[in-house]
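**Q** Just so it is clear, I am handing over data.pdb, which has PDB, C-alpha atoms, pLDDT in the B column.
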MODEL        1
ATOM      1  CA  MET G   1      86.776  82.073 113.321  1.00 53.00           C
ATOM      2  CA  SER G   2      89.839  84.226 114.088  1.00 59.00           C
ATOM      3  CA  LEU G   3      90.195  87.407 112.009  1.00 70.00           C
ATOM      4  CA  GLU G   4      93.361  89.433 111.580  1.00 74.00           C
ATOM      5  CA  ILE G   5      92.886  92.935 110.167  1.00 77.00           C
ATOM      6  CA  THR G   6      95.464  95.265 108.649  1.00 77.00           C
ATOM      7  CA  ASP G   7      94.485  98.634 107.250  1.00 81.00           C
ATOM      8  CA  ASP G   8      97.583 100.900 106.821  1.00 92.00           C
ATOM      9  CA  ILE G   9      95.380 103.647 108.235  1.00 95.00           C
ATOM     10  CA  ASP G  10      98.297 106.049 108.825  1.00 95.00           C
ATOM     11  CA  ALA G  11      98.995 106.183 105.091  1.00 96.00           C
ATOM     12  CA  LEU G  12      95.467 107.462 104.463  1.00 97.00           C
ATOM     13  CA  ILE G  13      95.510 109.950 107.342  1.00 97.00           C
ATOM     14  CA  ASP G  14      98.819 111.377 106.087  1.00 97.00           C
ATOM     15  CA  VAL G  15      97.337 112.511 102.745  1.00 98.00           C
ATOM     16  CA  LEU G  16      94.434 114.384 104.388  1.00 98.00           C
ATOM     17  CA  PRO G  17      94.506 118.057 105.453  1.00 98.00           C
ATOM     18  CA  PRO G  18      96.003 118.464 108.972  1.00 97.00           C
ATOM     19  CA  GLU G  19      92.771 119.717 110.569  1.00 97.00           C
ATOM     20  CA  ILE G  20      90.840 116.724 109.279  1.00 98.00           C
ATOM     21  CA  ALA G  21      93.579 114.307 110.344  1.00 98.00           C
ATOM     22  CA  LEU G  22      93.518 115.807 113.837  1.00 98.00           C
ATOM     23  CA  ALA G  23      89.725 115.454 114.062  1.00 98.00           C
ATOM     24  CA  LEU G  24      89.991 111.781 113.095  1.00 97.00           C
ATOM     25  CA  HIS G  25      92.612 111.186 115.784  1.00 97.00           C
ATOM     26  CA  GLN G  26      90.347 112.868 118.328  1.00 97.00           C
ATOM     27  CA  GLU G  27      87.474 110.574 117.344  1.00 96.00           C
ATOM     28  CA  ASN G  28      89.892 107.640 117.722  1.00 95.00           C
ATOM     29  CA  ARG G  29      87.586 105.102 116.101  1.00 95.00           C
ATOM     30  CA  PHE G  30      89.752 103.990 113.223  1.00 95.00           C
ATOM     31  CA  GLU G  31      88.599 100.363 113.400  1.00 92.00           C
ATOM     32  CA  ASP G  32      85.051 101.494 112.466  1.00 93.00           C
ATOM     33  CA  LEU G  33      86.017 104.128 109.890  1.00 95.00           C
ATOM     34  CA  LEU G  34      84.635 103.475 106.406  1.00 94.00           C
ATOM     35  CA  GLU G  35      85.170 106.706 104.454  1.00 96.00           C
ATOM     36  CA  VAL G  36      86.194 110.335 104.699  1.00 98.00           C
ATOM     37  CA  VAL G  37      84.228 112.662 102.416  1.00 98.00           C
ATOM     38  CA  LEU G  38      85.498 116.032 101.197  1.00 98.00           C
ATOM     39  CA  ASP G  39      83.263 118.232  99.045  1.00 98.00           C
ATOM     40  CA  LEU G  40      84.138 121.740  97.957  1.00 98.00           C
ATOM     41  CA  GLY G  41      82.238 124.336  99.989  1.00 98.00           C
ATOM     42  CA  ARG G  42      80.967 121.839 102.569  1.00 98.00           C
ATOM     43  CA  PRO G  43      82.273 120.613 105.935  1.00 98.00           C
ATOM     44  CA  ALA G  44      84.274 117.362 105.873  1.00 98.00           C
ATOM     45  CA  ASP G  45      82.527 114.214 107.120  1.00 98.00           C
ATOM     46  CA  ALA G  46      83.658 110.817 108.357  1.00 98.00           C
ATOM     47  CA  ARG G  47      81.441 107.800 107.780  1.00 97.00           C
ATOM     48  CA  TYR G  48      81.675 105.101 110.419  1.00 96.00           C
ATOM     49  CA  VAL G  49      79.949 101.727 110.535  1.00 91.00           C
ATOM     50  CA  GLU G  50      76.946 103.004 112.473  1.00 90.00           C
ATOM     51  CA  ARG G  51      76.960 106.772 112.093  1.00 94.00           C
ATOM     52  CA  GLU G  52      78.358 109.829 110.314  1.00 97.00           C
ATOM     53  CA  VAL G  53      80.509 112.436 112.098  1.00 97.00           C
ATOM     54  CA  ARG G  54      81.197 116.025 111.029  1.00 98.00           C
ATOM     55  CA  LEU G  55      84.958 116.597 111.177  1.00 97.00           C
ATOM     56  CA  THR G  56      85.021 120.338 110.502  1.00 96.00           C
ATOM     57  CA  GLN G  57      82.509 123.160 110.852  1.00 95.00           C
ATOM     58  CA  ARG G  58      83.981 125.278 108.078  1.00 97.00           C
ATOM     59  CA  GLU G  59      83.812 124.771 104.319  1.00 97.00           C
ATOM     60  CA  THR G  60      86.367 122.571 102.560  1.00 98.00           C
ATOM     61  CA  THR G  61      88.560 124.609 100.198  1.00 98.00           C
ATOM     62  CA  GLN G  62      89.790 123.856  96.714  1.00 98.00           C
ATOM     63  CA  ASP G  63      93.392 124.035  97.978  1.00 98.00           C
ATOM     64  CA  GLU G  64      92.659 121.252 100.460  1.00 98.00           C
ATOM     65  CA  ILE G  65      91.162 119.024  97.773  1.00 98.00           C
ATOM     66  CA  ASP G  66      94.041 119.768  95.402  1.00 98.00           C
ATOM     67  CA  GLY G  67      96.471 118.969  98.206  1.00 98.00           C
ATOM     68  CA  VAL G  68      95.005 115.500  98.695  1.00 98.00           C
ATOM     69  CA  VAL G  69      95.041 114.874  94.925  1.00 98.00           C
ATOM     70  CA  SER G  70      98.727 115.821  94.765  1.00 97.00           C
ATOM     71  CA  ARG G  71      99.635 113.261  97.433  1.00 97.00           C
ATOM     72  CA  ILE G  72      97.937 110.204  95.928  1.00 97.00           C
ATOM     73  CA  GLY G  73      98.271 108.157  92.738  1.00 93.00           C
ATOM     74  CA  ASP G  74      96.860 109.088  89.346  1.00 94.00           C
ATOM     75  CA  PHE G  75      93.126 108.801  88.666  1.00 95.00           C
ATOM     76  CA  GLY G  76      92.067 106.279  86.052  1.00 91.00           C
ATOM     77  CA  ASP G  77      89.175 106.468  83.608  1.00 91.00           C
ATOM     78  CA  ASP G  78      86.896 105.318  86.426  1.00 91.00           C
ATOM     79  CA  ASN G  79      87.917 108.374  88.533  1.00 96.00           C
ATOM     80  CA  ARG G  80      89.538 106.148  91.145  1.00 94.00           C
ATOM     81  CA  ALA G  81      93.013 106.517  92.584  1.00 96.00           C
ATOM     82  CA  GLY G  82      94.948 104.947  95.444  1.00 95.00           C
ATOM     83  CA  ILE G  83      97.963 105.227  97.707  1.00 96.00           C
ATOM     84  CA  GLU G  84     100.921 103.086  96.723  1.00 93.00           C
ATOM     85  CA  ARG G  85     101.328  99.782  98.613  1.00 91.00           C
ATOM     86  CA  THR G  86      97.970 100.232 100.382  1.00 95.00           C
ATOM     87  CA  LEU G  87      94.382  99.142  99.739  1.00 95.00           C
ATOM     88  CA  HIS G  88      92.795 102.570 100.218  1.00 95.00           C
ATOM     89  CA  ARG G  89      90.663 103.945  97.379  1.00 95.00           C
ATOM     90  CA  ILE G  90      90.072 107.610  96.615  1.00 97.00           C
ATOM     91  CA  SER G  91      87.224 108.382  94.204  1.00 97.00           C
ATOM     92  CA  ALA G  92      86.820 111.789  92.581  1.00 98.00           C
ATOM     93  CA  ILE G  93      83.832 113.957  91.719  1.00 98.00           C
ATOM     94  CA  ARG G  94      84.639 116.452  88.961  1.00 98.00           C
ATOM     95  CA  ASN G  95      83.011 119.627  87.727  1.00 98.00           C
ATOM     96  CA  ARG G  96      82.129 120.200  84.078  1.00 97.00           C
ATOM     97  CA  ARG G  97      85.661 121.416  83.348  1.00 97.00           C
ATOM     98  CA  GLY G  98      87.187 118.258  84.788  1.00 97.00           C
ATOM     99  CA  ARG G  99      88.540 119.714  88.026  1.00 98.00           C
ATOM    100  CA  VAL G 100      88.216 117.555  91.137  1.00 98.00           C
ATOM    101  CA  VAL G 101      85.706 119.180  93.523  1.00 98.00           C
ATOM    102  CA  GLY G 102      84.883 116.195  95.729  1.00 98.00           C
ATOM    103  CA  LEU G 103      86.673 113.155  97.146  1.00 98.00           C
ATOM    104  CA  THR G 104      85.474 109.938  98.761  1.00 98.00           C
ATOM    105  CA  CYS G 105      88.401 108.407 100.629  1.00 98.00           C
ATOM    106  CA  ARG G 106      87.518 104.798 101.422  1.00 95.00           C
ATOM    107  CA  VAL G 107      89.529 102.804 103.937  1.00 94.00           C
ATOM    108  CA  GLY G 108      90.882  99.588 102.418  1.00 92.00           C
ATOM    109  CA  ARG G 109      91.426  96.679 104.795  1.00 90.00           C
ATOM    110  CA  ALA G 110      92.974  93.259 104.464  1.00 91.00           C
ATOM    111  CA  VAL G 111      91.032  90.846 106.655  1.00 89.00           C
ATOM    112  CA  TYR G 112      92.661  87.449 107.038  1.00 91.00           C
ATOM    113  CA  GLY G 113      90.286  84.613 107.866  1.00 90.00           C
ATOM    114  CA  THR G 114      87.163  85.919 106.133  1.00 89.00           C
ATOM    115  CA  ILE G 115      86.704  82.822 103.960  1.00 92.00           C
ATOM    116  CA  ASP G 116      87.128  80.178 106.661  1.00 91.00           C
ATOM    117  CA  ILE G 117      83.407  79.411 106.636  1.00 90.00           C
ATOM    118  CA  ILE G 118      83.399  78.760 102.851  1.00 93.00           C
ATOM    119  CA  ARG G 119      86.957  77.517 102.449  1.00 94.00           C
ATOM    120  CA  ASP G 120      85.838  74.056 101.333  1.00 95.00           C
ATOM    121  CA  ILE G 121      83.814  75.620  98.500  1.00 95.00           C
ATOM    122  CA  VAL G 122      86.668  77.926  97.492  1.00 96.00           C
ATOM    123  CA  GLU G 123      89.106  75.004  97.352  1.00 96.00           C
ATOM    124  CA  SER G 124      86.696  72.749  95.447  1.00 95.00           C
ATOM    125  CA  GLY G 125      87.785  74.147  92.092  1.00 95.00           C
ATOM    126  CA  GLN G 126      84.280  75.319  91.213  1.00 94.00           C
ATOM    127  CA  SER G 127      83.763  78.864  89.952  1.00 94.00           C
ATOM    128  CA  ILE G 128      82.193  81.234  92.484  1.00 94.00           C
ATOM    129  CA  LEU G 129      80.242  84.488  92.116  1.00 93.00           C
ATOM    130  CA  LEU G 130      79.879  86.692  95.213  1.00 93.00           C
ATOM    131  CA  LEU G 131      76.813  88.961  95.224  1.00 92.00           C
ATOM    132  CA  GLY G 132      76.041  91.963  97.387  1.00 87.00           C
ATOM    133  CA  ARG G 133      75.567  95.698  97.496  1.00 84.00           C
ATOM    134  CA  PRO G 134      78.631  98.006  97.571  1.00 80.00           C
ATOM    135  CA  GLY G 135      80.500  98.081 100.863  1.00 77.00           C
ATOM    136  CA  VAL G 136      79.550  94.684 102.288  1.00 83.00           C
ATOM    137  CA  GLY G 137      83.047  93.197 101.923  1.00 86.00           C
ATOM    138  CA  LYS G 138      83.051  91.354  98.583  1.00 91.00           C
ATOM    139  CA  THR G 139      86.446  92.710  97.527  1.00 92.00           C
ATOM    140  CA  THR G 140      87.924  92.000 100.957  1.00 92.00           C
ATOM    141  CA  MET G 141      86.860  88.390 100.554  1.00 94.00           C
ATOM    142  CA  LEU G 142      88.335  88.230  97.044  1.00 95.00           C
ATOM    143  CA  ARG G 143      91.757  89.199  98.390  1.00 95.00           C
ATOM    144  CA  GLU G 144      91.612  86.383 100.903  1.00 96.00           C
ATOM    145  CA  VAL G 145      90.470  83.923  98.220  1.00 97.00           C
ATOM    146  CA  ALA G 146      93.439  84.931  96.051  1.00 97.00           C
ATOM    147  CA  ARG G 147      95.877  84.563  98.953  1.00 96.00           C
ATOM    148  CA  VAL G 148      94.591  81.175 100.093  1.00 96.00           C
ATOM    149  CA  LEU G 149      94.363  79.603  96.630  1.00 97.00           C
ATOM    150  CA  ALA G 150      97.772  80.950  95.595  1.00 98.00           C
ATOM    151  CA  GLU G 151      99.385  78.789  98.282  1.00 97.00           C
ATOM    152  CA  ASN G 152      98.842  75.741  96.058  1.00 96.00           C
ATOM    153  CA  LYS G 153      97.642  76.995  92.658  1.00 97.00           C
ATOM    154  CA  ARG G 154      98.570  79.449  89.916  1.00 98.00           C
ATOM    155  CA  VAL G 155      96.335  82.462  90.611  1.00 98.00           C
ATOM    156  CA  ILE G 156      96.038  85.675  88.614  1.00 98.00           C
ATOM    157  CA  VAL G 157      94.115  88.701  89.874  1.00 98.00           C
ATOM    158  CA  VAL G 158      92.647  90.895  87.125  1.00 97.00           C
ATOM    159  CA  ASP G 159      92.668  94.235  88.921  1.00 95.00           C
ATOM    160  CA  THR G 160      90.711  96.947  87.135  1.00 89.00           C
ATOM    161  CA  SER G 161      90.854  99.700  89.766  1.00 86.00           C
ATOM    162  CA  ASN G 162      93.805  98.373  91.789  1.00 92.00           C
ATOM    163  CA  GLU G 163      91.252  97.720  94.514  1.00 90.00           C
ATOM    164  CA  ILE G 164      92.149  94.064  95.049  1.00 94.00           C
ATOM    165  CA  GLY G 165      95.940  94.347  95.024  1.00 95.00           C
ATOM    166  CA  GLY G 166      96.371  97.991  95.983  1.00 94.00           C
ATOM    167  CA  ASP G 167      97.871 100.965  94.177  1.00 93.00           C
ATOM    168  CA  GLY G 168     101.293 100.861  92.534  1.00 92.00           C
ATOM    169  CA  ASP G 169     103.083  98.139  90.585  1.00 94.00           C
ATOM    170  CA  ILE G 170     103.803  95.852  93.560  1.00 95.00           C
ATOM    171  CA  PRO G 171     100.709  93.995  94.819  1.00 95.00           C
ATOM    172  CA  HIS G 172      99.720  94.301  98.473  1.00 95.00           C
ATOM    173  CA  PRO G 173     100.768  91.335 100.670  1.00 94.00           C
ATOM    174  CA  ALA G 174      97.057  90.604 101.227  1.00 94.00           C
ATOM    175  CA  VAL G 175      96.940  88.710  97.894  1.00 96.00           C
ATOM    176  CA  GLY G 176      99.839  86.465  98.906  1.00 96.00           C
ATOM    177  CA  GLN G 177     101.642  84.803  95.998  1.00 98.00           C
ATOM    178  CA  ALA G 178      98.887  85.577  93.482  1.00 98.00           C
ATOM    179  CA  ARG G 179     100.064  87.447  90.398  1.00 98.00           C
ATOM    180  CA  ARG G 180      98.276  90.653  89.453  1.00 97.00           C
ATOM    181  CA  MET G 181      97.398  92.028  85.999  1.00 97.00           C
ATOM    182  CA  GLN G 182      96.351  95.661  85.994  1.00 95.00           C
ATOM    183  CA  VAL G 183      93.755  97.011  83.568  1.00 94.00           C
ATOM    184  CA  ALA G 184      94.431 100.325  81.816  1.00 88.00           C
ATOM    185  CA  THR G 185      90.760 101.281  81.532  1.00 90.00           C
ATOM    186  CA  PRO G 186      87.555  99.558  82.718  1.00 90.00           C
ATOM    187  CA  VAL G 187      86.314  98.946  79.168  1.00 93.00           C
ATOM    188  CA  LEU G 188      89.258  96.580  78.633  1.00 94.00           C
ATOM    189  CA  GLN G 189      88.542  94.392  81.656  1.00 95.00           C
ATOM    190  CA  HIS G 190      87.043  91.590  79.551  1.00 95.00           C
ATOM    191  CA  ALA G 191      90.052  91.604  77.208  1.00 96.00           C
ATOM    192  CA  VAL G 192      92.540  91.349  80.065  1.00 96.00           C
ATOM    193  CA  MET G 193      90.531  88.458  81.526  1.00 96.00           C
ATOM    194  CA  ILE G 194      91.030  86.524  78.265  1.00 96.00           C
ATOM    195  CA  GLU G 195      94.660  87.654  77.969  1.00 97.00           C
ATOM    196  CA  ALA G 196      95.391  86.303  81.435  1.00 97.00           C
ATOM    197  CA  VAL G 197      94.171  82.841  80.434  1.00 96.00           C
ATOM    198  CA  GLU G 198      95.854  82.803  77.025  1.00 95.00           C
ATOM    199  CA  ASN G 199      99.259  84.111  78.119  1.00 97.00           C
ATOM    200  CA  HIS G 200      99.898  83.066  81.703  1.00 97.00           C
ATOM    201  CA  MET G 201      98.339  79.611  82.230  1.00 96.00           C
ATOM    202  CA  PRO G 202      96.467  80.327  85.475  1.00 97.00           C
ATOM    203  CA  GLU G 203      94.466  77.720  87.324  1.00 98.00           C
ATOM    204  CA  VAL G 204      92.382  80.452  88.976  1.00 98.00           C
ATOM    205  CA  ILE G 205      91.265  83.922  87.825  1.00 97.00           C
ATOM    206  CA  VAL G 206      90.078  86.421  90.458  1.00 97.00           C
ATOM    207  CA  ILE G 207      88.065  89.390  89.181  1.00 95.00           C
ATOM    208  CA  ASP G 208      86.102  92.191  90.862  1.00 92.00           C
ATOM    209  CA  GLU G 209      82.824  93.670  89.602  1.00 88.00           C
ATOM    210  CA  ILE G 210      81.645  91.654  86.617  1.00 91.00           C
ATOM    211  CA  GLY G 211      78.957  93.892  85.176  1.00 86.00           C
ATOM    212  CA  THR G 212      78.827  93.965  81.371  1.00 89.00           C
ATOM    213  CA  GLU G 213      77.822  91.515  78.693  1.00 90.00           C
ATOM    214  CA  LEU G 214      81.398  91.368  77.381  1.00 93.00           C
ATOM    215  CA  GLU G 215      82.719  90.535  80.856  1.00 94.00           C
ATOM    216  CA  ALA G 216      80.068  87.826  81.259  1.00 91.00           C
ATOM    217  CA  ALA G 217      81.116  86.367  77.910  1.00 93.00           C
ATOM    218  CA  ALA G 218      84.753  86.417  79.009  1.00 95.00           C
ATOM    219  CA  ALA G 219      83.759  84.632  82.220  1.00 92.00           C
ATOM    220  CA  ARG G 220      82.070  81.897  80.182  1.00 90.00           C
ATOM    221  CA  THR G 221      85.160  81.549  77.991  1.00 92.00           C
ATOM    222  CA  ILE G 222      87.368  81.172  81.070  1.00 93.00           C
ATOM    223  CA  ALA G 223      85.100  78.498  82.532  1.00 87.00           C
ATOM    224  CA  GLU G 224      85.049  76.602  79.243  1.00 89.00           C
ATOM    225  CA  ARG G 225      88.839  76.423  79.341  1.00 92.00           C
ATOM    226  CA  GLY G 226      88.799  74.700  82.703  1.00 94.00           C
ATOM    227  CA  VAL G 227      89.970  77.673  84.763  1.00 97.00           C
ATOM    228  CA  GLN G 228      88.303  78.410  88.109  1.00 97.00           C
ATOM    229  CA  LEU G 229      86.806  81.900  88.170  1.00 96.00           C
ATOM    230  CA  VAL G 230      86.111  83.734  91.437  1.00 96.00           C
ATOM    231  CA  GLY G 231      84.365  87.053  90.908  1.00 94.00           C
ATOM    232  CA  THR G 232      81.952  89.588  92.355  1.00 93.00           C
ATOM    233  CA  ALA G 233      78.939  91.488  91.064  1.00 89.00           C
ATOM    234  CA  HIS G 234      76.648  94.144  92.517  1.00 78.00           C
ATOM    235  CA  GLY G 235      73.167  92.864  93.272  1.00 76.00           C
ATOM    236  CA  ASN G 236      71.088  91.472  96.115  1.00 69.00           C
ATOM    237  CA  THR G 237      69.703  88.465  94.286  1.00 67.00           C
ATOM    238  CA  LEU G 238      70.620  86.360  91.272  1.00 64.00           C
ATOM    239  CA  ASP G 239      67.574  87.727  89.448  1.00 68.00           C
ATOM    240  CA  ASN G 240      69.053  91.242  89.713  1.00 63.00           C
ATOM    241  CA  LEU G 241      72.099  89.965  87.908  1.00 60.00           C
ATOM    242  CA  LEU G 242      70.571  87.778  85.230  1.00 61.00           C
ATOM    243  CA  THR G 243      68.436  90.513  83.721  1.00 57.00           C
ATOM    244  CA  GLY G 244      69.779  94.027  83.338  1.00 53.00           C
ATOM    245  CA  ASN G 245      67.906  97.183  82.367  1.00 43.00           C
ATOM    246  CA  SER G 246      68.084  96.209  78.731  1.00 39.00           C
ATOM    247  CA  GLY G 247      66.223  92.977  79.438  1.00 39.00           C
ATOM    248  CA  LYS G 248      69.130  90.915  78.108  1.00 41.00           C
ATOM    249  CA  ASN G 249      70.310  87.835  79.945  1.00 40.00           C
ATOM    250  CA  VAL G 250      73.754  88.928  81.140  1.00 41.00           C
ATOM    251  CA  LEU G 251      75.075  85.941  83.101  1.00 46.00           C
ATOM    252  CA  ASN G 252      73.481  82.818  81.747  1.00 44.00           C
TER     253      ASN G 252
ENDMDL
END
Show me, as structure tokens, the structure contained in the file I just sent.

**A**
Amino acid sequence: MSLEITDDIDALIDVLPPEIALALHQENRFEDLLEVVLDLGRPADARYVEREVRLTQRETTQDEIDGVVSRIGDFGDDNRAGIERTLHRISAIRNRRGRVVGLTCRVGRAVYGTIDIIRDIVESGQSILLLGRPGVGKTTMLREVARVLAENKRVIVVDTSNEIGGDGDIPHPAVGQARRMQVATPVLQHAVMIEAVENHMPEVIVIDEIGTELEAAAARTIAERGVQLVGTAHGNTLDNLLTGNSGKNVLN
């Protein structure tokens, strides 16, 4: 299996404070970089695939955090923002007054070829649910599913945090010819899923992070209308997913 990876890493480095950007260049391990973490009053850290590296010895200042915030897109209700025309995700931690005092800057990558091993299943027309803990590559695979299926089918991506198609109004090339519907706030994800089917006649709906009873109900509605659904959910096993903390059957 041949993989092609694009990550627009320079766009992420450019929004970081100069000292942190320099430290990352000195490490020179961008292909393994997962996240850069900035917390007020603590040294900055970089998280790589196999280890964590301290980028500065001094405390991160509020001006540095505010500077990053000023150079990225707006935060949504889920406290996530992005950088226009890239797949990077910046998540905020706020204090009790709402000011951003911490940032997790996750590297977003488009990896072409990730679904080769399951391509026959993806192209079968059957709905698919990808399970796994955060960070294992579910969203990366969704992008590739959207791109591949959009070569021959009408595909709509329901993008709640702009994580599949990237920040801004123009979707990232990683989703190919798939159309993208953005979601104003996470609580409306289920409604946009239904809207996509009712208004735009898709053959395939691609959705990230199905997690509520309303979203599960919307998924059932989509399937009943003959539309292929490809989605993800957090969990290691199907049992984790079927029964939530409330004891209710969520995806049955």

**Q** Find, counting only C-alpha atoms, the residue in G:Ser124, G:Leu33, G:Asp78, G:Val192 that gets nearest to Ile222 (chain G).

**A**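 When distances to Ile222 (chain G) are compared using only C-alpha atoms, the smallest one comes from G:Val192.
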
**Q** Written as a compact mmCIF listing (two decimals) with C-alpha atoms, keeping the file's coordinate frame, which residues does the PyMOL selection byres ((chain G and resi 114) around 9) give for the file shown?

**A**
# COMPACT_ATOMS: atom_id res chain seq x y z
CA MET G 1 86.78 82.07 113.32
CA SER G 2 89.84 84.23 114.09
CA LEU G 3 90.20 87.41 112.01
CA GLU G 4 93.36 89.43 111.58
CA VAL G 111 91.03 90.85 106.66
CA TYR G 112 92.66 87.45 107.04
CA GLY G 113 90.29 84.61 107.87
CA ILE G 115 86.70 82.82 103.96
CA ASP G 116 87.13 80.18 106.66
CA ILE G 117 83.41 79.41 106.64
CA ILE G 118 83.40 78.76 102.85
CA THR G 140 87.92 92.00 100.96
CA MET G 141 86.86 88.39 100.55
CA GLU G 144 91.61 86.38 100.90
CA VAL G 145 90.47 83.92 98.22

**Q** Might you spell out which residues the PyMOL selection byres ((chain G and resi 40) around 8) would select in the displayed file, as a list of chain:residue names?

**A** G:Leu38, G:Asp39, G:Gly41, G:Arg42, G:Glu59, G:Thr60, G:Thr61, G:Gln62, G:Ile65, G:Val101, G:Gly102

**Q** Find the residues around Gly166 (chain G) up to 9 Å (only C-alpha atoms counted), leave out those fewer than 4 positions away in its own chain, and share them as a list of chain:residue names.

**A**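 Using only C-alpha atoms, the neighbours found are G:Gly82, G:Ile83, G:Glu84, G:Arg85, G:Thr86, G:Leu87, G:His88, G:Arg89, G:Gly108, G:Asp159, G:Ser161, G:Asn162, G:Ile170, G:Pro171, G:His172.
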
**Q** What would the file look like if the residues just selected were written as a PDB file, keeping the file's coordinate frame with C-alpha atoms?

**A**
ATOM      1  CA  GLY G  82      94.948 104.947  95.444  1.00 95.00           C
ATOM      2  CA  ILE G  83      97.963 105.227  97.707  1.00 96.00           C
ATOM      3  CA  GLU G  84     100.921 103.086  96.723  1.00 93.00           C
ATOM      4  CA  ARG G  85     101.328  99.782  98.613  1.00 91.00           C
ATOM      5  CA  THR G  86      97.970 100.232 100.382  1.00 95.00           C
ATOM      6  CA  LEU G  87      94.382  99.142  99.739  1.00 95.00           C
ATOM      7  CA  HIS G  88      92.795 102.570 100.218  1.00 95.00           C
ATOM      8  CA  ARG G  89      90.663 103.945  97.379  1.00 95.00           C
ATOM      9  CA  GLY G 108      90.882  99.588 102.418  1.00 92.00           C
ATOM     10  CA  ASP G 159      92.668  94.235  88.921  1.00 95.00           C
ATOM     11  CA  SER G 161      90.854  99.700  89.766  1.00 86.00           C
ATOM     12  CA  ASN G 162      93.805  98.373  91.789  1.00 92.00           C
ATOM     13  CA  ILE G 170     103.803  95.852  93.560  1.00 95.00           C
ATOM     14  CA  PRO G 171     100.709  93.995  94.819  1.00 95.00           C
ATOM     15  CA  HIS G 172      99.720  94.301  98.473  1.00 95.00           C
TER      16      HIS G 172
END

**Q** Find the residue from G:Ile72, G:Val100, G:Val36, G:Val122 that sits nearest to Ala23 (chain G); use only C-alpha atoms when measuring.

**A**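 Nearest candidate to Ala23 (chain G) out of G:Ile72, G:Val100, G:Val36, G:Val122: G:Val36.
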
**Q** Would you mind reading off the distance between CA of Gly211 (chain G) and CA of Ala233 (chain G), one decimal, in Å?

**A**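 Pair CA of Gly211 (chain G) / CA of Ala233 (chain G) returns 6.4 Å.
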
**Q** What does the distance between CA of Gly132 (chain G) and CA of Ala174 (chain G) come to in Å, to one decimal place?

**A**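 CA of Ala174 (chain G) lies at a distance of 21.4 Å from CA of Gly132 (chain G).
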
**Q** List the residues matched by the PyMOL selection byres ((chain G and resi 127) around 10) in the displayed structure as a list in words, ordered by chain and then by residue number.

**A**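 Listing what the PyMOL selection byres ((chain G and resi 127) around 10) selects in the shown file: Ile121, Val122, Glu123, Ser124, Gly125, Gln126, Ile128, Leu129, Val204, Ile205, Val206, Ala219, Ile222, Ala223, Gly226, Val227, Gln228, Leu229, Val230 and Gly231 of chain G.
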
**Q** Tell me which residues come within 12 Å of (96.8, 77.8, 89.3), as number ranges by chain, counting only C-alpha atoms in the file's coordinates.

**A** G: 123, 125, 146-157, 177-179, 196-197, 200-206, 226-229

**Q** Figure out the distance between CA of Arg71 (chain G) and CA of Glu163 (chain G), please, to one decimal in Å.

**A** 17.9 Å

**Q** Go through G:Thr221, G:Arg29, G:Arg109, G:Gly67 one by one, measure the shortest atom-to-atom distance of each to Glu52 (chain G) using all atoms listed in the file, and give the residue with the smallest value.

**A**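 Ranked by minimum distance to Glu52 (chain G), first place goes to G:Arg29.
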
**Q** Measuring atom to atom with all atoms listed in the file, identify which of G:Thr56, G:Gln189, G:Asn199, G:Ser70 is nearest to Ala216 (chain G).

**A**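 Going through G:Thr56, G:Gln189, G:Asn199, G:Ser70 one by one, the smallest distance to Ala216 (chain G) is for G:Gln189.
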
**Q** Hey, what's within 12 Å of Ala21 (chain G) if we count only C-alpha atoms and toss same-chain stuff fewer than 5 positions away? As a list in words, please?

**A**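 Counting only the stated atoms, we get Ile9, Asp10, Ala11, Leu12, Ile13, Asp14, Val15, Leu16, Gln26, Glu27, Asn28, Phe30, Val36, Ala44, Asp45, Ala46, Leu55, Thr56 and Val68 of chain G.
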
**Q** Using all atoms listed in the file, which of the listed residues (G:Thr6, G:Thr232, G:Thr160, G:Gln57) sits closest to Leu142 (chain G)?

**A**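 Between G:Thr6, G:Thr232, G:Thr160, G:Gln57, the residue approaching Leu142 (chain G) most closely is G:Thr232.
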
**Q** Rank nothing, just name the residue among G:Val187, G:Ala110, G:Leu130, G:Val69 nearest to Glu213 (chain G), using all atoms listed in the file.

**A**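 So, comparing all the options, the nearest one is G:Val187.
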